[in-house]
Each structure stands twice: as structure tokens, then as C-alpha cells.
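K.L.:
Starting off with a structure, shown below.
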Amino acid sequence: MPLAGVVVTAVSGPGADIPARDLARYAGTSAALALLVALGTGIVGTASAWLLAFYRFPGRRVFTWALALPFAMPAFAMAYAYTDLFDPAGAVRMAVRESAGIDLAVPMRSLGGAAFVLTCAFYPYVYLAMRAAFASQSAAAFEAARMLGCTPLAAFRRAVLPLARPALAAGLALAIMETLADYGAVQFMAVQTLTTGVVRSWAVFGSVAGAAQLALLLVAAAAVLLLAERHWRRGAAFDGAKVAARPLLPRQLKGAKAVAAALACGLLLTAALVLPVAWLFSRALAQRPDVQRLVDAAWNSVLVAGAGAAVTTVLALALALGAARAPGAMRMAGLGYATPGAALAIGLLLPAGVVWTLAPAAGSFWIGIVLLLYAYAARLMAAAAEPIGAALSRVTPGVAEAARSLGRTEVGAALTVQVPLARAGLVTALLLVFVDVLKELPATLILRPFGFDTLAVMASNYALDERLGQAGWPSLLIVLAALGPTVWLSRQVTASGDAAERRP
Amino acid sequence: MRAMRTPALEVSAVSKRYGGRAVVDRVSFTLAPGQVTCLLGPSGCGKSTLLRVMAGLERADDGEVRAGAALVDGAGAFAAPERRRVGLVFQDLALFPHLTALDNVAFGLAHLPAAARRERAMRLLDELRVSHRASAWPHQLSGGEQQRVAIARALAPEPAVLLLDEPFSGLDGGLRAEVRESVLAALRGTDAGVLVVSHDPEEAMLLADRLLLMTGGRIVQDGSPEDCYFHPATHEAARLLGRATVLAGTASGGMVRCAAGCVPAPPGMGPAVSVLLRPESLVPSADGIEAEIEDVRFGGAWHELTLRLGGERVPMRCGALPPDHGSTIRVTLLPERVTLLG
């Protein structure tokens with residue numbers, strides 16, 4: 001429905017007069033940014049997953065789950081911290097100028113800067129996907145390659161990496177989708193992408209049709225991306241091949257190599273989490289927060305995130321249970337995930353407008369909330385359905401059939417047998433959506449009822465006014481709220497590998 | 001003559017411990033080139049760990065491993081698996097799912113030019129009678145075909161030693177025998193020292209020139225299949241290879257007497273002796289001991305009788321039932337098929 005909304009608005013709307021030159025410029029920037037982030041997250045995510053899966057070095061156990069924590073950090077918060085750090089009048093440049101007498105000119109407000117920040121924010125998608133792939137498949141392939149004369153590096157290149165290709169494709173696709181969908185970070189760093197274009201033409205120029213045209217481009221890009229990912233994974237019919245999971249025994253690194261490995265992981269964690277959080281914190285401490293607004297916004301955030309998570313998970317469960325019958329529905333959900341929130345929101349404005357004109361004024365607040373939840377569900381459905389589907393697929397069909405033969409109805413069997421068995425997948429989905437909604441900005445910005453602030457919206461508003469210290473408080477609260485679920489999620493993904501390792 | 005040559009692989013006093021427990025405990029043996037040795041033991045006895053140490057996937061905690069003349073593990077030295085010329089067929093086969101059957105076999109031939117690589121891989125697939133599936137993906141192959149491709153892949157780099165971990169465990173019945181025959185033929189065509197790990201005694205004896213029996217991390221017997229079967233070194237070794245009946249015997253005057261009859265006793269034995277019998281240790285004989293037949297089972301080429309001898313139940317296998325078969329039978333012990341344990 002939101003997709004139809006985008007199309008109808010884009011085609012029918014009056015005054016849709018964005019010059020083609022601007023369209024091309026937005027699209028070009030988006031494409032360049034996506035490419036750079038894909039490159040960055042691909043290298044950083046794969047390399048860190050490889051280090052942690054194949055080698056043993058000091059701190060490895062902690063890094064294994066800690067490297068996924070930047071997932072809790074909203075990209076816009078990362079952007080605030082880095083832009084401020086490397087500002088001409090910022091701390092780093094001042095310090096270098098005074099101590100070394102050199103002007104360290106790092107233009108953070110640029111394509112390169114944005115790519116750096118988004119790489120830091122989105123590499124966990126690749127890291128987690130690769131980590132899981134390495135843990136599940138690689139031991140057998142790696143050892144087999146060694147037995148056939150490959151050095152460890154050659155075995156990695158010729159056997160392990162090709163096997164992990166589907167995981168790499170999935171991780172990269174997520175990182176790129178998030179890049180295309182990002183609004184807060186690029187907007188603050190003055191990089192004009194399609195998504196900022198959508199929000200700008202709606203908010204600044206008041207042109208819903210113009211926004212919809214840009215959104216249409218985004219949807220098209222997302223669809224292309226989805227097809228590309230599917231194509232890249234198609235050679236992955238080998239997912240089902242008979243390869244027993246054998247514990248991968250990591251090799252002990254010694255001396256300088258061990259230090260280098262620990263340092264590399266430490267540096268990554270510092271760049272993607274510790275440094276920006278510490279900086280935001282130090283800036284925030286200098287400010288007196290508006291406690292009442294913060295509490296209200298935090299309450300709103302947790303409320304919509306919780307409600308969004310619940311609604312989305314229930315729908316995703318229904319989707320996953322029915323996936324066998326209607327594979328098309330799953331694919332549509334995938335497109336929803338690929339579609340940036342801004343585009344979804346624009347698509348929803350048309351039907352929303354109809355509802356608003358019909359409804360009495362008093363109901364408009366709740367209509368807004370429902371629309372918001374609807375947008376979250378549409379966007380995050382695929383992300384939630386994925387772990388649920390994976391958990392359900394581990395429940396052998398025989399179990400459900402046994403329940404049927406013992407007199408349960410189809411729904412009864414699903415509720416009493418399949419759902420409890422897939423509990424871990426359900427919790428994963430719930431937390432995933434919760435964290436994603438906490439960080440969501442553009443759709444919330446466009447669809448929220450008037451005067452309804454979430455932490456993300458509040459941070460964005462402060463940042464727009466260049467009040468970074470004040471923006472720090474809501475940003476940090478988001479990190480705080482998202483950290484717990486993220487730790488749980490991360491441990492969940494990496495647990496399989498660790499459990500196998502503890503066995504002799 | 002074979003024994004005179006340098007062993008393909010030599011394991012001396014190798015131990016491997018996990019958390020203080022010795023999974024492999026001071027194991028020593030050699031593999032001769034061109035010979036098929038079978039390592040037989042129950043699950044969890046340390047067979048697979050020993051195999052991984054030999055392959056170089058694990059490092060021995062004690063002892064030495066030599067490949068040919070070179071020390072590859074022990075005394076501070078350690079050669080990586082890819083430098084040992086040791087091939088391994090994994091129990092789960094570990095075929096590369098992203099490569100076709102042909103490319104799987106060609107994987108270990110990276111040093112050859114593409115054409116030679118392809119040619120050699122094709123020849124091996126042909127030898128194992130799966131060349132018609134060369135362009136298939138692993139998941140499209142049947143269990144037997146996967147098995148053959150995995151073995152062709154391990155043979156491709158011409159290893160000096162080939163280790164096979166339960167290579168036929170995934171197959172059943174007739175297919176198993178058929179794959180075993182073609183694999184054995186291919187293995188005999190090489191000069192590699194071959195070690196097959198198995199927990200199936202019948203298969204081990206059919207395959208092997210030589211048997212190694214392993215329990216609790218130790219090699220308990222090393223000998224020909226016949227020798228291991230009829231003259232097990234310990235009770236455990238006896239049980240590993242099939243049904244064994246233990247009768248109490250007493251030694252006196254150079255003879256051991258038990259419920260099933262008498263056999264000559266080696267000097268210095270006794271007085272209490274355990275007499276180990278196989279179902280094949282007893283044969284019908286007109287001047288033997290009379291035994292009551294409790295049960296007769298038809299097993300195809302043979303009959304399986306359960307005899308009652310002096311209060312003991314003793315199984316016996318014989319080709320055809322004797323003409324005078326009724327409720328009793330006269331049997332005698334074959335001394336060469338009996339083991340006495342002090």
C-alpha cells in the first residue's frame with residue numbers, strides 16, 4: 001500500500017518540478033555513497049569476522065560480541081560526534097594545531113566523511129552475517145582445503161570465502177539498504193542523497209509530489225538491490241548441501257601478531273562506539289538537559305518501539321508460518337525492508353490524508369500513531385521474518401504433523417508446537433525491530449502526530465540548531481536503551497560458534 | 001618385502017590430551033606404502049583424534065609423527081597439514097558445495113596447468129566410476145557418488161598417505177559393498193599407505209591387510225584380520241570384532257579343560273584360565289562332546305546354533321546341519337580358533 005501511494009502521488013501530483021539535473025545529482029551521490037559504504041563495510045566486516053573466527057588472541061571472547069555493539073549506535077549520533085570532533089574549531093584539530101603546528105584538515109562534511117561514519121555504523125551487519133557463516137560452515141571447508149595443499153590464507157581465499165558469499169551478499173545488502181535509507185547522518189553532514197531530497201522537498205518545499213518522485217527512485221534502487229542480492233545468492237543452492245557443522249578450532253596467535261589482532265579489533269570498537277559515545281557524553285555533560293522533554297521523548301520512543309516490535313513480530317510470525325504457501329508475500333516484505341523509511345512515509349501520506357479528512361480532529365493523534373506503527377511494520381517485516389523463518393525451519397515438519405495427528409487444528413499445532421520451539425527466533429525479531437525503531441528517523445519525522453517527539457526526532461532537532469551538546473543527551477539515551485538488546489542479539493548470533501569451541 | 005621399505009607414516013608414542021584426559025594415549029604404529037590398514041574401535045575411543053593428529057589438523061602433546069623420513073610432529077617440529085603429503089577423506093566428506101564434482105577433484109592440483117588439472121581429475125573420476133557426474137554439484141550427487149568424488153579428490157594430489165575417516169558410514173547395504181569394492185580397487189592402484197577408520201568389524205576385516213584395534217585411547221592389538229579375530233589379545237579386543245563367548249577353564253598337565261572340550265595349554269598358564277570362543281571355534285565331529293541344541297537359526301549360507309554345554313550357552317556357526325541333527329549334536333574345539341587368556 002505505501003508503495004502504491006508513492007507511485008500514485010508521484011504520477012498524479014501537481015507541481016512536480018524537480019529539475020532532472022537535481023534528480024541525477026541526488027541519485028549520483030546516493031550511488032557513490034552506497035558504493036563506498038559497501039566497500040568499507042565489506043572489508044571491515046569480513047576482516048574482523050575472519051580474525052575472530054579463525055584466531056585466538058587476548059580479548060577475543062569480548063570482541064566477539066562487542067564488535068556488534070555499534071548496531072546500538074544511531075548513525076546520526078555517530079555523525080554528530082565525528083563532525084564535531086573534526087570541525088575546524090573542534091577538539092582534534094585544535095589539539096593537533098597547537099601541539100604539532102599542522103592544520104589537520106579532515107573535511108567530515110563530505111562524501112568521504114559520510115562514508116566513514118556510515119561504515120562505522122553499518123559494518124556490524126556484515127560482521128554478524130560473516131561471523132555466523134564462518135561458524136557454521138567453514139571448519140569443514142577450511143580443513144579440507146588444508147588437506148589438499150592450501151596454506152591457511154589460500155584455504156580462506158579459495159574455500160571459505162566463496163562459501164560465505166551468500167552471507168556476504170546478505171550483509172552487504174543490509175548495509176547498502178541502511179545507507180540509502182539513512183537520513184540523519186547524511187543530512188547533518190551536508191551530503192545530498194535521495195533520502196535527504198525526499199525529506200527536503202516535503203518539509204522545505206512542501207511538495208509531496210516531488211518527494212514522491214525521489215522516493216520512487218529510491219524504491220527502484222531498492223528493488224534493483226534486492227534482485228541483485230537474490231541473483232548473487234542463487235549459486236547458493238549449496239546452503240542445503242550435506243556439510244556437517246564441525247567446531248572450528250581457532251589458532252593461537254602469539255607475540256606481535258596477537259597484539260596486532262587485538263589492536264585492530266580495539267581500534268575498530270573505539271572508532272565505531274567508544275570514541276563517539278565518549279565525545280557525545282563529554283559534550284552533553286557541559287549542558288543542562290531539558291529533563292522534562294527528555295523523559296517525555298524517551299517514554300514516547302520506548303512506547304512506539306515496543307508497540308512497533310510487538311505488531312511487527314506478530315505479523316512476521318504469521319508471514320513466516322504462511323511463507324511456504326505464499327512465497328510472494330515474503331518477497332514483498334523484502335521490498336518493504338529495502339525501501340527507505342522516508343519513501344514509505346511519503347507513500348503513506350496519501351492514504352493518511354484521506355483518513356485525516358474523514359476523521360474528527362480528536363482522533364488524529366491515534367491515527368498518526370497507527371500510521372507510524374504501520375510504516376515500521378512494513379519496513380521491518382522482512383528483518384523480523386528472517387530469524388523467525390530460520391527458527392521455524394529448524395523445527396522438522398514431522399513435529400507439526402505429529403501434533404495434527406494428535407488432534408490439533410493447523411493453527412493449534414502452530415501455536416502449541418511450532419511457536420514455542422521458535423521462541424529464540426521470536427525474541428530475536430522482537431529486539432531487532434525494537435532497536436531499529438529506536439534509531440529510525442525519517443519515517444518518524446514525517447508521519448508522527450504533531451508535537452509527538454521521540455528521542456531520535458529530538459536529537460535531530462537539536463542538531464539542526466547546531467546545539468550538539470543538547471543533541472548528545474537523546475542520542476546517548478538511544479544507545480543506552482538499545483545496548484541491552486544488542487548485547488543479547490550479538491551473543492545469540494555468536495553463541496553457536498563459542499559453544500562448539502568449548503567442546504574438546 | 002614391503003616391510004623393508006621406509007614406512008609411509010610412523011607414529012611413535014603419540015598422546016593427545018583434552019582437559020587432562022588422554023584421548024590418545026601413547027600410540028605407536030607404522031603404515032607401509034601400498035598396504036591398507038584398518039583402525040577399528042568403538043565411538044569415542046580416540047580414532048578420529050588420532051587421525052587428525054596424523055593429518056596435522058591437531059598437534060600431538062607427546063610423541064612423534066614421521067611422514068616418510070621427515071619428522072612432521074614432535075620435538076618442537078611441526079609441519080602444517082599442507083606440507084605433509086597426507087590426504088584425508090572426512091567422515092562428512094566436506095565436499096566444497098560451491099564447486100562441481102570435477103572442480104572439487106581438481107582443487108588440490110593448483111600447481112598444474114588448467115588442461116593437465118582437468119585431465120587428471122577426469123581420470124580419477126573415471127577410475128572411481130563417477131566421470132558421468134563430473135559437472136554435477138555436490139548436492140545433486142547421491143551418497144555413493146559423493147563418497148567416490150571425495151575419495152578421488154583426496155587421491156588427486158598423489159598423497160604418500162591416505163587417511164579415510166569412516167568412509168562408508170553414510171551408505172547402506174548393497175551400495176556400501178559396491179562402493180567399497182571400487183574404492184578398494186582405486187586405493188590398491190596407488191602406492192600410498194592407506195589407513196581406514198571404522199567401527200564396523202566386518203567391514204574392517206574385509207578391507208584391511210592389517211588391523212589396529214583401539215579402545216580407550218590405546219592400540220590394544222596390531223595384526224592380520226584372521227589373527228585379531230581368532231586370537232584377540234584382550235577381552236576388549238575380542239569383543240570389538242564380534243561375538244565372543246568366554247568360558248571358565250582350568251589348566252593342568254599341559255591341557256586346558258572347559259565346558260566345550262580340551263585344548264593344549266602353553267606352559268606356565270593357569271590354573272584358572274579364560275577360554276575365548278568364536279561361533280566358528282566349534283565344528284561337528286563324531287568323536288566330540290555331546291551338546292544339546294537349544295535353538296537353530298537359518299542365516300543363508302550358514303546356520304547359527306545355540307548349544308547348551310555343561311550349563312553354558314555357546315553359539316556355533318556351521319555351513320550345513322549335520323545329517324544326524326536332532327536335539328543333540330557332537331562337537332569338538334579347533335585349538336587354532338581358541339584364545340586362552342590367563
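Every chain in the C-alpha cells has a letter given in the order shown (A, B, ...), and although residue numbers restart at 1 in each chain, ligands are simply numbered from 1 in the order shown.
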Compile the contact shell of Met122 (chain B) as JSON, numbers by chain: residues with an atom at most 9 Å away, counting only C-alpha atoms, same-chain residues fewer than 3 positions apart removed.

P.N.:
{"B": [102, 105, 106, 117, 118, 119, 125, 126, 127, 131, 134]}

K.L.:
Keeping only N, CA and C atoms, write those residues as a compact mmCIF listing (two decimals), in the first residue's frame.

P.N.:
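Saved file part-v7.txt follows:
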```txt
# COMPACT_ATOMS: atom_id res chain seq x y z
N LEU B 102 33.96 -32.16 -10.64
CA LEU B 102 35.27 -32.08 -11.30
C LEU B 102 36.15 -31.04 -10.62
N VAL B 105 37.62 -32.23 -7.37
CA VAL B 105 38.76 -33.13 -7.52
C VAL B 105 40.00 -32.33 -7.96
N ALA B 106 39.78 -31.31 -8.80
CA ALA B 106 40.91 -30.53 -9.31
C ALA B 106 41.44 -29.53 -8.28
N ARG B 117 45.24 -30.32 -15.17
CA ARG B 117 44.43 -30.43 -13.97
C ARG B 117 43.13 -31.17 -14.28
N ARG B 118 42.51 -30.69 -15.36
CA ARG B 118 41.23 -31.24 -15.77
C ARG B 118 41.37 -32.69 -16.17
N GLU B 119 42.46 -32.95 -16.88
CA GLU B 119 42.67 -34.29 -17.41
C GLU B 119 42.86 -35.28 -16.25
N LEU B 125 38.05 -39.48 -11.60
CA LEU B 125 36.60 -39.70 -11.55
C LEU B 125 36.25 -40.95 -12.33
N ASP B 126 36.95 -41.16 -13.44
CA ASP B 126 36.72 -42.32 -14.27
C ASP B 126 37.08 -43.60 -13.51
N GLU B 127 38.24 -43.57 -12.85
CA GLU B 127 38.68 -44.73 -12.08
C GLU B 127 37.65 -45.10 -11.02
N SER B 131 32.70 -40.48 -13.58
CA SER B 131 33.03 -39.43 -14.55
C SER B 131 31.77 -38.86 -15.22
N ALA B 134 30.65 -35.55 -13.62
CA ALA B 134 31.72 -34.57 -13.43
C ALA B 134 31.20 -33.14 -13.26
```

K.L.:
For chain B against chain A, which residues fall within 6 Å using only C-alpha atoms, given as a list of chain:residue names?

P.N.:
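The answer, sorted by residue number, is B:Pro81, B:Glu82, B:Gly87, B:Ala94, B:Pro97, B:Gly108, B:His139.
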
K.L.:
Please provide the set of residues having any atom within 8 Å of Val149 (chain B), restricted to only C-alpha atoms, with same-chain residues fewer than 2 positions apart removed, written as a VMD selection string.

P.N.:
chain B and resid 101 104 to 105 125 128 130 145 to 147 151 to 153

K.L.:
How would the residues just picked look written out with N, CA and C atoms as a compact mmCIF listing (two decimals), in the first residue's frame?

P.N.:
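File written: again08.txt
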```
# COMPACT_ATOMS: atom_id res chain seq x y z
N ALA B 101 31.70 -31.45 -9.12
CA ALA B 101 32.47 -32.65 -8.78
C ALA B 101 33.88 -32.55 -9.36
N ASN B 104 35.96 -29.97 -7.60
CA ASN B 104 36.35 -30.47 -6.29
C ASN B 104 37.60 -31.33 -6.40
N VAL B 105 37.62 -32.23 -7.37
CA VAL B 105 38.76 -33.13 -7.52
C VAL B 105 40.00 -32.33 -7.96
N LEU B 125 38.05 -39.48 -11.60
CA LEU B 125 36.60 -39.70 -11.55
C LEU B 125 36.25 -40.95 -12.33
N LEU B 128 37.03 -44.09 -10.42
CA LEU B 128 36.04 -44.36 -9.38
C LEU B 128 34.63 -44.45 -9.96
N VAL B 130 32.66 -42.35 -11.61
CA VAL B 130 31.70 -41.26 -11.47
C VAL B 130 31.95 -40.17 -12.50
N GLU B 145 27.88 -41.46 -4.79
CA GLU B 145 28.64 -40.63 -5.72
C GLU B 145 29.47 -39.59 -4.97
N GLN B 146 28.87 -39.01 -3.93
CA GLN B 146 29.63 -38.05 -3.12
C GLN B 146 30.86 -38.71 -2.54
N GLN B 147 30.66 -39.94 -2.05
CA GLN B 147 31.76 -40.69 -1.46
C GLN B 147 32.90 -40.87 -2.46
N ILE B 151 36.78 -39.30 -2.40
CA ILE B 151 37.99 -40.11 -2.42
C ILE B 151 38.86 -39.74 -3.62
N ALA B 152 38.24 -39.48 -4.76
CA ALA B 152 39.00 -39.03 -5.92
C ALA B 152 39.72 -37.72 -5.60
N ARG B 153 39.03 -36.83 -4.88
CA ARG B 153 39.63 -35.55 -4.54
C ARG B 153 40.86 -35.74 -3.66
```

K.L.:
Could you list, as a PDB file with all heavy atoms, in the first residue's frame, every residue within 6 Å of Ala471 (chain A), counting only C-alpha atoms and ignoring same-chain residues fewer than 4 positions away?

P.N.:
```
ATOM      1  N   ALA A 459      16.874  14.586  19.022  1.00  0.00           N
ATOM      2  CA  ALA A 459      18.290  14.727  18.713  1.00  0.00           C
ATOM      3  C   ALA A 459      18.470  15.453  17.392  1.00  0.00           C
ATOM      4  O   ALA A 459      19.294  16.369  17.264  1.00  0.00           O
ATOM      5  CB  ALA A 459      18.965  13.355  18.652  1.00  0.00           C
ATOM      6  N   TYR A 462      17.690  19.265  17.739  1.00  0.00           N
ATOM      7  CA  TYR A 462      18.797  19.969  18.393  1.00  0.00           C
ATOM      8  C   TYR A 462      19.982  20.120  17.447  1.00  0.00           C
ATOM      9  O   TYR A 462      20.605  21.166  17.355  1.00  0.00           O
ATOM     10  CB  TYR A 462      19.257  19.209  19.644  1.00  0.00           C
ATOM     11  CG  TYR A 462      18.446  19.504  20.874  1.00  0.00           C
ATOM     12  CD1 TYR A 462      17.937  18.479  21.651  1.00  0.00           C
ATOM     13  CD2 TYR A 462      18.239  20.824  21.282  1.00  0.00           C
ATOM     14  CE1 TYR A 462      17.212  18.728  22.793  1.00  0.00           C
ATOM     15  CE2 TYR A 462      17.505  21.085  22.426  1.00  0.00           C
ATOM     16  CZ  TYR A 462      16.992  20.038  23.181  1.00  0.00           C
ATOM     17  OH  TYR A 462      16.273  20.315  24.308  1.00  0.00           O
ATOM     18  N   ALA A 463      20.300  19.021  16.748  1.00  0.00           N
ATOM     19  CA  ALA A 463      21.468  19.041  15.871  1.00  0.00           C
ATOM     20  C   ALA A 463      21.275  20.055  14.757  1.00  0.00           C
ATOM     21  O   ALA A 463      22.219  20.741  14.356  1.00  0.00           O
ATOM     22  CB  ALA A 463      21.706  17.649  15.294  1.00  0.00           C
TER      23      ALA A 463
END
```

K.L.:
Write out as a PyMOL selection string all residues of region 221-332 of chain B that backbone DSSP assigns to strand (DSSP E or B).

P.N.:
chain B and resi 221-223+245-252+255-258+261-264+272-277+282-298+303-309+312-318+328-332

K.L.:
Pick from B:Val27, B:Leu95, B:Val14, B:Ala77: nearest to Glu64 (chain B), with only C-alpha atoms counted?

P.N.:
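Ranked by minimum distance to Glu64 (chain B), first place goes to B:Val14.
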
K.L.:
Excluding Glu280 (chain B) and any residue of its chain fewer than 2 positions from it, enumerate the residues within 10 Å of it, using only C-alpha atoms, and give them as a CSV table (one decimal) with N, CA, C and O atoms, in the first residue's frame.

P.N.:
```
chain,number,residue,atom,x,y,z
B,230,PHE,N,40.7,-64.5,15.7
B,230,PHE,CA,40.7,-65.8,16.4
B,230,PHE,C,41.6,-65.7,17.6
B,230,PHE,O,41.5,-66.5,18.5
B,244,ALA,N,31.8,-63.1,21.1
B,244,ALA,CA,32.8,-64.0,21.7
B,244,ALA,C,32.2,-64.5,22.9
B,244,ALA,O,31.5,-63.8,23.7
B,277,LEU,N,35.8,-68.2,22.8
B,277,LEU,CA,35.4,-68.9,21.7
B,277,LEU,C,34.7,-68.0,20.7
B,277,LEU,O,34.0,-67.1,21.1
B,278,ARG,N,34.8,-68.2,19.4
B,278,ARG,CA,34.0,-67.6,18.4
B,278,ARG,C,33.0,-68.6,17.9
B,278,ARG,O,33.1,-69.8,18.2
B,282,LEU,N,33.9,-74.0,17.1
B,282,LEU,CA,33.4,-75.4,17.3
B,282,LEU,C,33.0,-76.0,15.9
B,282,LEU,O,32.4,-75.3,15.1
B,283,VAL,N,33.3,-77.3,15.7
B,283,VAL,CA,32.9,-77.9,14.5
B,283,VAL,C,32.2,-79.3,14.9
B,283,VAL,O,32.6,-79.9,15.9
B,304,GLU,N,23.0,-70.9,12.4
B,304,GLU,CA,23.5,-70.4,13.7
B,304,GLU,C,22.8,-71.3,14.8
B,304,GLU,O,21.6,-71.2,14.9
B,315,PRO,N,27.2,-70.2,21.3
B,315,PRO,CA,26.8,-70.1,19.9
B,315,PRO,C,27.8,-70.9,19.0
B,315,PRO,O,29.0,-71.0,19.2
B,316,MET,N,27.2,-71.5,17.9
B,316,MET,CA,28.1,-72.2,16.9
B,316,MET,C,27.5,-71.9,15.5
B,316,MET,O,26.3,-71.9,15.3
B,317,ARG,N,28.5,-71.8,14.6
B,317,ARG,CA,28.1,-71.5,13.2
B,317,ARG,C,28.5,-72.7,12.4
B,317,ARG,O,29.7,-73.0,12.5
B,318,CYS,N,27.6,-73.2,11.6
B,318,CYS,CA,28.1,-74.3,10.7
B,318,CYS,C,27.4,-74.2,9.4
B,318,CYS,O,26.3,-73.7,9.3
B,333,LEU,N,36.4,-78.7,19.7
B,333,LEU,CA,37.0,-77.4,19.6
B,333,LEU,C,38.2,-77.5,18.7
B,333,LEU,O,38.9,-78.4,18.7
B,334,LEU,N,38.3,-76.4,17.8
B,334,LEU,CA,39.5,-76.3,17.0
B,334,LEU,C,40.5,-75.4,17.8
B,334,LEU,O,40.3,-74.3,18.0
B,337,ARG,N,41.5,-72.0,16.7
B,337,ARG,CA,40.5,-70.9,16.7
B,337,ARG,C,40.1,-70.6,18.2
B,337,ARG,O,39.0,-70.1,18.4
B,338,VAL,N,40.9,-70.9,19.1
B,338,VAL,CA,40.6,-70.6,20.5
B,338,VAL,C,41.7,-69.8,21.1
B,338,VAL,O,42.8,-69.9,20.8
```

K.L.:
So that I can see what lies close to Ser12 (chain B), please list as a list in words the residues with an atom at most 8 Å from it, counting only C-alpha atoms and leaving out residues fewer than 4 positions away in the same chain.

P.N.:
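Residues near the query, excluding close chain neighbours: Arg26, Val27, Ser28, Phe29, Gly63, Glu64 and Val65 of chain B.
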
K.L.:
Would you mind exporting the chosen residues as a compact mmCIF listing (two decimals), in the first residue's frame, restricted to N, CA, C and O atoms?

P.N.:
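Written output follows (part.txt):
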```txt
# COMPACT_ATOMS: atom_id res chain seq x y z
N ARG B 26 49.73 -42.72 24.21
CA ARG B 26 50.98 -43.38 23.81
C ARG B 26 50.75 -44.42 22.72
O ARG B 26 50.99 -45.60 22.89
N VAL B 27 50.32 -43.95 21.59
CA VAL B 27 50.01 -44.85 20.47
C VAL B 27 51.20 -44.92 19.52
O VAL B 27 51.79 -43.89 19.19
N SER B 28 51.57 -46.12 19.10
CA SER B 28 52.65 -46.30 18.14
C SER B 28 52.23 -47.31 17.08
O SER B 28 51.65 -48.34 17.40
N PHE B 29 52.54 -47.01 15.83
CA PHE B 29 52.39 -47.99 14.73
C PHE B 29 52.98 -47.37 13.48
O PHE B 29 53.33 -46.19 13.47
N GLY B 63 55.15 -37.38 21.88
CA GLY B 63 55.44 -38.35 20.84
C GLY B 63 55.79 -37.70 19.52
O GLY B 63 55.86 -36.47 19.41
N GLU B 64 56.00 -38.55 18.51
CA GLU B 64 56.45 -38.06 17.21
C GLU B 64 55.62 -38.65 16.09
O GLU B 64 55.12 -39.77 16.19
N VAL B 65 55.49 -37.89 15.02
CA VAL B 65 54.90 -38.40 13.78
C VAL B 65 55.92 -38.15 12.68
O VAL B 65 56.45 -37.04 12.56
```

K.L.:
With only C-alpha atoms as the counted atoms, please give the residues lying no more than 8 Å from Ala192 (chain B), apart from itself and same-chain residues fewer than 4 positions off, as a ChimeraX atom specification.

P.N.:
/B:8,33-35,158-162,187

K.L.:
Give me, as a count of residues only, the residues of region 166-270 of chain A that a backbone DSSP run labels helix (DSSP H, G or I).

P.N.:
80

K.L.:
Here is a test: counting only C-alpha atoms, which residue of A:Ala262, A:Leu227, A:Ala482, A:Val96 is nearest to Ala68 (chain A)?

P.N.:
A:Ala482

K.L.:
One decimal, in Å: what's the spacing between CA of Ala132 (chain A) and CA of Ala167 (chain A)?

P.N.:
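Here the two named atoms are 8.3 Å from each other.
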